[in-house]
>>> print(open('protein-v2.cif').read())   # mmCIF, C-alpha atoms
data_my_file
loop_
_atom_site.label_atom_id
_atom_site.label_comp_id
_atom_site.auth_asym_id
_atom_site.auth_seq_id
_atom_site.Cartn_x
_atom_site.Cartn_y
_atom_site.Cartn_z
CA MET A 93 138.24 -145.35 -61.81
CA GLY A 94 138.01 -141.56 -62.25
CA ALA A 95 134.73 -139.66 -62.23
CA LYS A 96 135.15 -138.67 -65.89
CA LEU A 97 135.63 -142.27 -66.97
CA LYS A 98 132.65 -143.41 -64.88
CA TRP A 99 130.44 -140.83 -66.57
CA THR A 100 131.75 -141.91 -69.98
CA LEU A 101 130.78 -145.52 -69.26
CA VAL A 102 127.34 -144.49 -68.02
CA ILE A 103 126.71 -142.32 -71.08
CA THR A 104 127.77 -145.14 -73.42
CA ALA A 105 125.45 -147.61 -71.70
CA LEU A 106 122.55 -145.15 -71.82
CA ALA A 107 123.14 -144.49 -75.51
CA VAL A 108 123.00 -148.21 -76.24
CA ILE A 109 119.76 -148.57 -74.26
CA LEU A 110 118.16 -145.66 -76.13
CA VAL A 111 119.08 -147.22 -79.48
CA PHE A 112 117.24 -150.42 -78.57
CA ILE A 113 114.24 -148.60 -77.12
CA GLY A 114 113.83 -146.56 -80.31
CA PHE A 115 114.27 -149.61 -82.51
CA ARG A 116 111.73 -151.70 -80.63
CA GLN A 117 109.24 -148.88 -80.77
CA GLN A 118 109.60 -148.98 -84.56
CA GLN A 119 109.07 -152.74 -84.48
CA ASP A 120 105.94 -152.37 -82.38
CA GLN A 121 104.58 -149.87 -84.92
CA GLY A 122 104.90 -152.42 -87.73
CA ASP A 123 107.86 -150.86 -89.54
CA ILE A 124 108.85 -153.46 -92.15
CA ARG A 125 111.85 -151.69 -93.65
CA PRO A 126 115.08 -153.73 -93.64
CA THR A 127 117.29 -153.17 -90.63
CA VAL A 128 121.02 -152.48 -90.73
CA ALA A 129 123.06 -152.28 -87.53
CA ILE A 130 126.42 -150.46 -87.56
CA PHE A 131 128.57 -151.35 -84.57
CA ASN A 132 131.68 -149.17 -84.16
CA LEU A 133 134.56 -149.59 -81.71
CA LEU A 134 135.12 -145.90 -80.98
CA SER A 135 135.20 -142.51 -82.64
CA HIS A 136 138.42 -141.53 -84.40
CA PRO A 137 139.21 -140.46 -87.98
CA ILE A 138 139.77 -143.94 -89.42
CA LEU A 139 136.60 -145.51 -88.07
CA ASP A 140 134.49 -142.36 -88.47
CA ALA A 141 135.46 -142.20 -92.16
CA SER A 142 134.55 -145.87 -92.53
CA VAL A 143 131.11 -145.34 -90.97
CA LYS A 144 130.52 -142.32 -93.19
CA GLY A 145 131.40 -144.42 -96.24
CA ILE A 146 129.06 -147.25 -95.15
CA LYS A 147 126.13 -144.85 -95.04
CA GLU A 148 127.09 -143.36 -98.41
CA GLY A 149 127.37 -146.82 -99.94
CA LEU A 150 123.94 -147.74 -98.64
CA ALA A 151 122.36 -144.47 -99.84
CA ASP A 152 123.98 -144.72 -103.28
CA ASN A 153 122.36 -148.12 -103.71
CA GLY A 154 118.84 -147.22 -102.66
CA TYR A 155 119.10 -147.67 -98.89
CA GLY A 156 119.21 -144.13 -97.57
CA ALA A 157 117.80 -142.95 -94.24
CA GLY A 158 114.18 -143.33 -95.35
CA GLU A 159 114.56 -146.79 -96.86
CA ILE A 160 116.09 -148.66 -93.90
CA ARG A 161 115.98 -148.73 -90.14
CA LEU A 162 119.52 -147.86 -89.12
CA MET A 163 120.83 -148.84 -85.69
CA GLU A 164 124.15 -147.38 -84.61
CA VAL A 165 126.14 -148.32 -81.53
CA ASN A 166 129.55 -146.90 -80.61
CA ALA A 167 131.32 -148.90 -77.90
CA ASN A 168 133.44 -145.86 -77.00
CA GLY A 169 136.50 -148.10 -76.76
CA GLU A 170 135.00 -150.32 -74.03
CA THR A 171 136.53 -153.53 -75.30
CA ASP A 172 135.45 -155.48 -72.22
CA LYS A 173 131.81 -154.85 -73.15
CA LEU A 174 131.97 -155.70 -76.87
CA ASN A 175 130.36 -159.11 -76.46
CA THR A 176 127.53 -157.62 -74.38
CA PHE A 177 126.87 -154.87 -76.91
CA ALA A 178 127.02 -157.41 -79.74
CA LEU A 179 124.47 -159.67 -78.06
CA GLU A 180 122.12 -156.71 -77.51
CA LEU A 181 122.38 -155.62 -81.13
CA LEU A 182 121.88 -159.14 -82.41
CA SER A 183 118.83 -159.64 -80.17
CA ALA A 184 117.09 -157.06 -82.38
CA ARG A 185 117.68 -159.41 -85.34
CA PRO A 186 118.97 -156.89 -87.90
CA ASP A 187 118.96 -158.03 -91.52
CA VAL A 188 122.66 -157.19 -91.68
CA ILE A 189 125.08 -156.18 -88.95
CA VAL A 190 128.18 -154.17 -89.89
CA PRO A 191 130.95 -154.40 -87.29
CA VAL A 192 133.61 -151.73 -87.79
CA SER A 193 137.16 -152.71 -86.73
CA THR A 194 138.81 -156.02 -85.92
CA PRO A 195 137.87 -156.22 -82.19
CA VAL A 196 134.19 -155.52 -82.90
CA THR A 197 134.07 -158.02 -85.76
CA GLN A 198 135.65 -160.67 -83.53
CA ALA A 199 132.98 -160.04 -80.88
CA VAL A 200 130.11 -160.19 -83.35
CA ALA A 201 131.39 -163.31 -85.09
CA LYS A 202 131.82 -165.02 -81.72
CA VAL A 203 128.22 -164.56 -80.53
CA ALA A 204 126.18 -164.33 -83.76
CA ASP A 205 123.88 -167.12 -84.92
CA PRO A 206 125.08 -168.88 -88.09
CA GLU A 207 122.22 -167.36 -90.10
CA GLN A 208 123.00 -163.76 -89.10
CA ALA A 209 124.38 -161.78 -92.07
CA ILE A 210 127.64 -160.00 -91.18
CA VAL A 211 129.52 -157.50 -93.35
CA TYR A 212 132.63 -156.24 -91.62
CA SER A 213 134.47 -153.00 -92.37
CA THR A 214 138.02 -151.85 -91.59
CA VAL A 215 139.48 -155.22 -90.63
CA THR A 216 143.22 -155.15 -91.31
CA ASN A 217 143.81 -158.90 -91.44
CA PRO A 218 140.71 -160.98 -92.36
CA ALA A 219 142.28 -164.10 -90.83
CA ASP A 220 141.95 -162.42 -87.42
CA VAL A 221 138.15 -162.61 -87.73
CA GLY A 222 138.04 -166.17 -89.06
CA MET A 223 137.74 -165.57 -92.79
CA GLN A 224 140.21 -168.37 -93.50
CA ASN A 225 137.37 -170.72 -92.42
CA GLU A 226 135.08 -169.27 -95.15
CA PRO A 227 132.06 -168.62 -92.91
CA ALA A 228 128.79 -168.77 -94.84
CA ASN A 229 127.32 -165.76 -93.05
CA MET A 230 130.18 -163.25 -93.35
CA THR A 231 132.01 -161.13 -95.88
CA GLY A 232 133.43 -157.64 -95.74
CA VAL A 233 136.10 -155.11 -96.57
CA SER A 234 139.65 -154.99 -95.25
CA ASP A 235 142.05 -152.07 -95.16
CA VAL A 236 145.40 -153.19 -96.54
CA VAL A 237 147.81 -150.98 -94.64
CA ASN A 238 150.88 -150.43 -96.80
CA TYR A 239 153.54 -151.03 -94.16
CA ALA A 240 156.33 -151.36 -96.72
CA ALA A 241 155.51 -148.06 -98.41
CA ASN A 242 155.33 -146.28 -95.06
CA LEU A 243 158.74 -147.53 -93.98
CA ASP A 244 160.11 -146.54 -97.38
CA LEU A 245 158.60 -143.08 -96.85
CA ILE A 246 160.27 -142.77 -93.44
CA GLN A 247 163.67 -143.74 -94.85
CA THR A 248 163.25 -141.32 -97.76
CA VAL A 249 162.44 -138.40 -95.46
CA LEU A 250 164.93 -139.49 -92.77
CA PRO A 251 167.75 -141.27 -94.64
CA GLY A 252 169.86 -141.35 -91.49
CA ALA A 253 167.19 -143.00 -89.34
CA ARG A 254 168.36 -146.14 -87.56
CA SER A 255 165.59 -146.80 -85.03
CA LEU A 256 161.81 -146.66 -85.22
CA GLY A 257 159.42 -146.43 -82.28
CA VAL A 258 156.09 -148.24 -82.30
CA ILE A 259 153.48 -147.99 -79.54
CA TYR A 260 150.68 -150.52 -79.71
CA ASN A 261 147.80 -152.02 -77.76
CA SER A 262 148.62 -155.69 -77.29
CA GLY A 263 144.92 -156.38 -76.71
CA GLU A 264 144.09 -155.57 -80.34
CA ARG A 265 144.85 -158.46 -82.68
CA ASN A 266 145.06 -156.04 -85.62
CA SER A 267 147.76 -154.14 -83.71
CA GLN A 268 149.70 -157.34 -83.05
CA TYR A 269 149.52 -158.09 -86.76
CA GLY A 270 150.75 -154.60 -87.59
CA VAL A 271 153.76 -154.95 -85.28
CA GLU A 272 154.58 -158.34 -86.80
CA GLN A 273 154.53 -156.88 -90.31
CA THR A 274 156.51 -153.79 -89.31
CA ARG A 275 159.13 -155.85 -87.50
CA LYS A 276 159.81 -158.03 -90.56
CA LEU A 277 160.01 -155.04 -92.88
CA ALA A 278 162.22 -153.09 -90.46
CA GLU A 279 164.72 -155.96 -90.33
CA GLU A 280 164.88 -155.99 -94.14
CA ARG A 281 165.68 -152.25 -94.06
CA ASN A 282 168.25 -152.44 -91.24
CA LEU A 283 166.00 -150.49 -88.91
CA ASP A 284 165.90 -151.24 -85.19
CA LEU A 285 162.32 -151.48 -83.96
CA VAL A 286 161.65 -150.24 -80.42
CA VAL A 287 158.23 -151.46 -79.29
CA VAL A 288 156.22 -150.45 -76.22
CA SER A 289 152.93 -152.10 -75.35
CA ILE A 290 150.05 -150.19 -73.75
CA ALA A 291 146.58 -151.11 -72.49
CA GLY A 292 144.74 -147.86 -73.14
CA SER A 293 144.93 -144.44 -74.77
CA GLY A 294 145.85 -142.77 -71.49
CA GLU A 295 149.21 -144.53 -71.58
CA VAL A 296 150.33 -143.20 -74.98
CA ALA A 297 152.13 -140.07 -73.73
CA ASP A 298 154.11 -141.95 -71.07
CA ALA A 299 155.03 -144.66 -73.58
CA ALA A 300 156.31 -141.99 -75.97
CA ARG A 301 158.36 -140.32 -73.23
CA SER A 302 159.98 -143.66 -72.39
CA MET A 303 161.26 -143.90 -75.97
CA VAL A 304 162.72 -140.41 -76.28
CA GLY A 305 166.45 -140.74 -76.92
CA SER A 306 166.04 -144.27 -78.28
CA VAL A 307 164.20 -143.66 -81.55
CA ASP A 308 164.66 -141.47 -84.61
CA ALA A 309 160.97 -141.53 -85.55
CA PHE A 310 157.63 -142.90 -84.40
CA TYR A 311 155.39 -144.98 -86.66
CA VAL A 312 151.68 -145.53 -86.03
CA GLY A 313 150.26 -148.52 -87.88
CA SER A 314 146.83 -150.11 -87.57
CA ASP A 315 146.26 -149.44 -83.87
CA ASN A 316 142.92 -147.92 -82.88
CA THR A 317 144.10 -147.02 -79.38
CA VAL A 318 147.11 -145.02 -80.52
CA VAL A 319 145.24 -143.37 -83.41
CA SER A 320 142.58 -142.19 -80.95
CA ALA A 321 145.33 -140.50 -78.90
CA ILE A 322 147.56 -139.31 -81.74
CA GLU A 323 147.76 -135.78 -80.28
CA ALA A 324 149.31 -137.16 -77.08
CA LEU A 325 151.99 -138.88 -79.14
CA THR A 326 152.78 -135.92 -81.39
CA SER A 327 152.95 -133.55 -78.41
CA VAL A 328 155.71 -135.58 -76.75
CA ALA A 329 157.45 -136.37 -80.02
CA TYR A 330 157.62 -132.83 -81.37
CA GLU A 331 158.79 -131.40 -78.05
CA ASN A 332 161.80 -133.62 -78.61
CA GLY A 333 162.17 -133.10 -82.36
CA ILE A 334 161.06 -136.62 -83.28
CA PRO A 335 158.84 -137.00 -86.38
CA VAL A 336 155.65 -139.07 -86.22
CA PHE A 337 154.55 -141.00 -89.31
CA ALA A 338 151.18 -142.74 -89.61
CA SER A 339 149.20 -145.01 -91.89
CA ASP A 340 146.03 -142.95 -92.27
CA ALA A 341 145.05 -139.51 -93.50
CA GLY A 342 143.10 -138.68 -90.35
CA SER A 343 146.19 -138.95 -88.16
CA VAL A 344 148.07 -136.65 -90.55
CA GLN A 345 145.27 -134.11 -90.32
CA ARG A 346 145.57 -134.30 -86.54
CA GLY A 347 149.34 -133.83 -86.43
CA ALA A 348 151.35 -136.72 -87.87
CA ALA A 349 153.93 -135.62 -90.43
CA ALA A 350 152.92 -137.90 -93.30
CA ALA A 351 151.42 -141.27 -94.22
CA ILE A 352 150.83 -143.61 -97.10
CA SER A 353 147.15 -143.92 -96.35
CA VAL A 354 144.23 -146.17 -97.06
CA ASP A 355 141.13 -144.20 -98.11
CA TYR A 356 138.91 -145.29 -95.23
CA GLU A 357 135.82 -143.68 -96.65
CA GLN A 358 136.29 -145.95 -99.68
CA VAL A 359 136.58 -148.93 -97.33
CA GLY A 360 133.22 -148.03 -95.81
CA LEU A 361 131.70 -147.29 -99.22
CA ALA A 362 132.61 -150.78 -100.41
CA ALA A 363 131.11 -152.29 -97.25
CA GLY A 364 127.89 -150.34 -97.76
CA GLU A 365 127.67 -151.64 -101.32
CA LEU A 366 128.05 -155.22 -100.06
CA VAL A 367 125.25 -154.68 -97.54
CA ALA A 368 122.99 -153.27 -100.26
CA ARG A 369 123.71 -156.28 -102.46
CA ILE A 370 122.69 -158.65 -99.68
CA LEU A 371 119.51 -156.69 -99.00
CA ASP A 372 118.67 -156.64 -102.71
CA THR A 373 119.23 -160.32 -103.41
CA GLY A 374 119.04 -162.15 -100.10
CA VAL A 375 122.24 -164.05 -100.92
CA LEU A 376 124.39 -165.47 -98.17
CA PRO A 377 127.30 -163.11 -97.41
CA GLY A 378 129.73 -166.00 -97.75
CA THR A 379 128.91 -166.28 -101.45
CA ILE A 380 130.29 -162.75 -102.00
CA ALA A 381 134.06 -162.42 -102.19
CA PRO A 382 135.55 -160.13 -99.54
CA VAL A 383 137.07 -156.88 -100.75
CA SER A 384 140.44 -155.29 -99.98
CA VAL A 385 141.30 -151.60 -100.28
CA GLN A 386 145.02 -150.92 -100.66
CA GLY A 387 146.78 -147.99 -99.00
CA ASP A 388 148.62 -146.00 -101.67
CA LEU A 389 147.85 -142.30 -101.10
CA LEU A 390 150.59 -140.01 -99.76
CA VAL A 391 149.16 -137.47 -97.31
CA VAL A 392 151.44 -134.77 -95.90
CA ASN A 393 150.99 -132.27 -93.09
CA LEU A 394 152.90 -129.28 -94.48
CA ALA A 395 152.93 -127.36 -91.20
CA VAL A 396 154.52 -130.27 -89.34
CA ILE A 397 157.03 -130.94 -92.13
CA GLU A 398 158.11 -127.29 -91.97
CA ARG A 399 158.20 -127.24 -88.16
CA LEU A 400 160.49 -130.26 -88.04
CA GLY A 401 162.66 -129.08 -90.94
CA LEU A 402 161.90 -132.11 -93.08
CA THR A 403 161.84 -132.41 -96.86
CA ILE A 404 159.76 -134.69 -99.06
CA PRO A 405 161.02 -135.11 -102.65
CA ALA A 406 159.13 -133.11 -105.26
CA GLU A 407 158.37 -136.21 -107.32
CA MET A 408 156.54 -137.71 -104.33
CA MET A 409 154.69 -134.50 -103.54
CA ALA A 410 153.34 -134.32 -107.10
CA GLY A 411 150.64 -136.88 -106.32
CA ALA A 412 150.18 -136.11 -102.63
CA GLU A 413 147.28 -134.70 -100.65
CA THR A 414 148.14 -132.07 -98.09
CA ALA A 415 146.86 -131.07 -94.68
CA GLN A 416 147.71 -127.86 -92.87
#
>>> encode(input="protein-v2.cif", output="structure tokens")
Amino acid sequence: MGAKLKWTLVITALAVILVFIGFRQQQDQGDIRPTVAIFNLLSHPILDASVKGIKEGLADNGYGAGEIRLMEVNANGETDKLNTFALELLSARPDVIVPVSTPVTQAVAKVADPEQAIVYSTVTNPADVGMQNEPANMTGVSDVVNYAANLDLIQTVLPGARSLGVIYNSGERNSQYGVEQTRKLAEERNLDLVVVSIAGSGEVADAARSMVGSVDAFYVGSDNTVVSAIEALTSVAYENGIPVFASDAGSVQRGAAAAISVDYEQVGLAAGELVARILDTGVLPGTIAPVSVQGDLLVVNLAVIERLGLTIPAEMMAGAETAQ
């Protein structure tokens, strides 16, 4: 383990400890405001936008910074410690815990008491966190990645494309789901799917290099690991003239060519509204129907499109958002 990584792990652990120290000091001082815990997997545009939306949704419904005790923990991508962090957060007995991402929600649902209110955010496939079992203590908001629209976009921009490269973290169930969906849709469109599995963000560049010469484009679906290292992917891809398409606006802002994106701030906003409703009424989360936010917004990085000599039809650009 490198010195930089060791320091990252130490800093993450210290940050978690400080959160709990500050919270328990508030408890000791008799603070009776409701407590909301936001537990994030790591910092990248998708999850950061979701967290921002959660706070906005809370504030818009009367639960701003002065009205609640807000605990925030970022696991910094340390998936092996998610259960430990979850147990620590839950030991503080928050009124509602908001896990952000599929891996974090899985960890929280695994160790939480049945009476603990859970409102998840940014879970691509609710079945991956047990929602098919209709848990009484959980509801939330899922991001419905529009895989079909993204593959249609790729074939519109690259009509001659025959092969599509996908890098994914096999340890993320949401990523496995994304590959399954992409594979089925690629077969329907006569696209060959070239898939490389990785274990961490540091492997993204090498995975991309291994696919050069075998793919006409890269596609990034609902994979937190790859999204967090999108610059490593685009660097290799663009050196070799290979476009990168994504599923979120944040990745386009950071260098992907285009995406049919979910509005992740809206995902978080909806989650914040659900939390506020639970705090207002005391209802069991399971009595509130989960919410889905569909990806339907075209986002285009004009500088990348120009650099790669690509063209997006004017009728599609009419409703698009752009990034430079």
>>> closest_atom_pairs(input="protein-v2.cif", of="range 148-229 of chain A", to="range 309-319 of chain A", cutoff="10 Å", atoms="all atoms listed in the file", output="CSV")
residue,atom,partner,partner_atom,distance
A:Gly169,CA,A:Thr317,CA,8.1
A:Ser193,CA,A:Asn316,CA,8.4
A:Thr194,CA,A:Asn316,CA,9.6
A:Pro195,CA,A:Asn316,CA,9.7
A:Thr214,CA,A:Ser314,CA,9.8
A:Val215,CA,A:Ser314,CA,9.5
A:Thr216,CA,A:Ser314,CA,7.2
>>> closest_residue(input="protein-v2.cif", among="A:Thr176, A:Ser142, A:Asn261, A:Gln224", to="Glu295 in chain A", atoms="only C-alpha atoms")
A:Asn261
>>> resolve_selection(input="protein-v2.cif", expression="the PyMOL selection byres ((chain A and resi 331) around 12)", output="compact mmCIF listing (two decimals) with C-alpha atoms, in the coordinates of the input")
# COMPACT_ATOMS: atom_id res chain seq x y z
CA ALA A 297 152.13 -140.07 -73.73
CA ALA A 300 156.31 -141.99 -75.97
CA ARG A 301 158.36 -140.32 -73.23
CA VAL A 304 162.72 -140.41 -76.28
CA ALA A 324 149.31 -137.16 -77.08
CA LEU A 325 151.99 -138.88 -79.14
CA THR A 326 152.78 -135.92 -81.39
CA SER A 327 152.95 -133.55 -78.41
CA VAL A 328 155.71 -135.58 -76.75
CA ALA A 329 157.45 -136.37 -80.02
CA TYR A 330 157.62 -132.83 -81.37
CA ASN A 332 161.80 -133.62 -78.61
CA GLY A 333 162.17 -133.10 -82.36
CA ILE A 334 161.06 -136.62 -83.28
CA PRO A 335 158.84 -137.00 -86.38
CA VAL A 336 155.65 -139.07 -86.22
CA ARG A 399 158.20 -127.24 -88.16
CA LEU A 400 160.49 -130.26 -88.04
>>> residues_near_point(input="protein-v2.cif", point="(129.3, -155.5, -102.1)", cutoff="9 Å", atoms="all atoms listed in the file", output="list of chain:residue names")
A:Val211, A:Thr231, A:Gly232, A:Val233, A:Ala362, A:Ala363, A:Gly364, A:Glu365, A:Leu366, A:Val367, A:Ala368, A:Arg369, A:Ile370, A:Ile380, A:Ala381, A:Pro382, A:Val383
>>> atom_distance(input="protein-v2.cif", atom1="CA of Ala351 in chain A", atom2="CA of Val392 in chain A")
6.7 Å
>>> resolve_selection(input="protein-v2.cif", expression="the PyMOL selection byres ((chain A and resi 145-151) around 9)", output="ChimeraX atom specification")
/A:130,140-144,152-157,159,190,213,356-368
>>> residues_around(input="protein-v2.cif", residues="Asn282 in chain A", least_positions_apart="2", cutoff="10 Å", atoms="only C-alpha atoms", output="PyMOL selection string")
chain A and resi 253-255+277-280+284-285
>>> atom_distance(input="protein-v2.cif", atom1="CA of Val249 in chain A", atom2="CA of Arg265 in chain A")
29.6 Å
>>> resolve_selection(input="protein-v2.cif", expression="the PyMOL selection byres ((chain A and resi 409) around 12)", output="PyMOL selection string")
chain A and resi 245+249+350-352+389-394+403-408+410-414
>>> atom_distance(input="protein-v2.cif", atom1="CA of Gly387 in chain A", atom2="CA of Pro251 in chain A")
22.4 Å
>>> closest_residue(input="protein-v2.cif", among="A:Tyr260, A:Tyr212, A:Tyr269, A:Phe177", to="Val237 in chain A", atoms="all atoms listed in the file")
A:Tyr269
>>> residues_near_point(input="protein-v2.cif", point="(119.3, -159.2, -81.4)", cutoff="12 Å", atoms="all atoms listed in the file", output="number ranges by chain")
A: 112, 115-116, 127-129, 163, 176-189, 200, 203-205, 208
>>> closest_residue(input="protein-v2.cif", among="A:Glu323, A:Glu226, A:Asp388, A:Glu272", to="Gly294 in chain A", atoms="only C-alpha atoms")
A:Glu323
>>> closest_residue(input="protein-v2.cif", among="A:Asn168, A:Gln273, A:Ser302, A:Ser384", to="Pro218 in chain A", atoms="all atoms listed in the file")
A:Ser384
>>> closest_residue(input="protein-v2.cif", among="A:Leu134, A:Leu371, A:Ala209, A:Val344", to="Ala228 in chain A", atoms="only C-alpha atoms")
A:Ala209
>>> closest_residue(input="protein-v2.cif", among="A:Asp123, A:Glu398, A:Val354, A:Ile259", to="Val236 in chain A", atoms="all atoms listed in the file")
A:Val354
>>> axis_aligned_box(input="protein-v2.cif", around="range 122-141 of chain A", padding_each_side="3 Å", output="JSON")
{"center_x": 122.3, "center_y": -147.1, "center_z": -87.3, "size_x": 40.9, "size_y": 19.3, "size_z": 18.7}
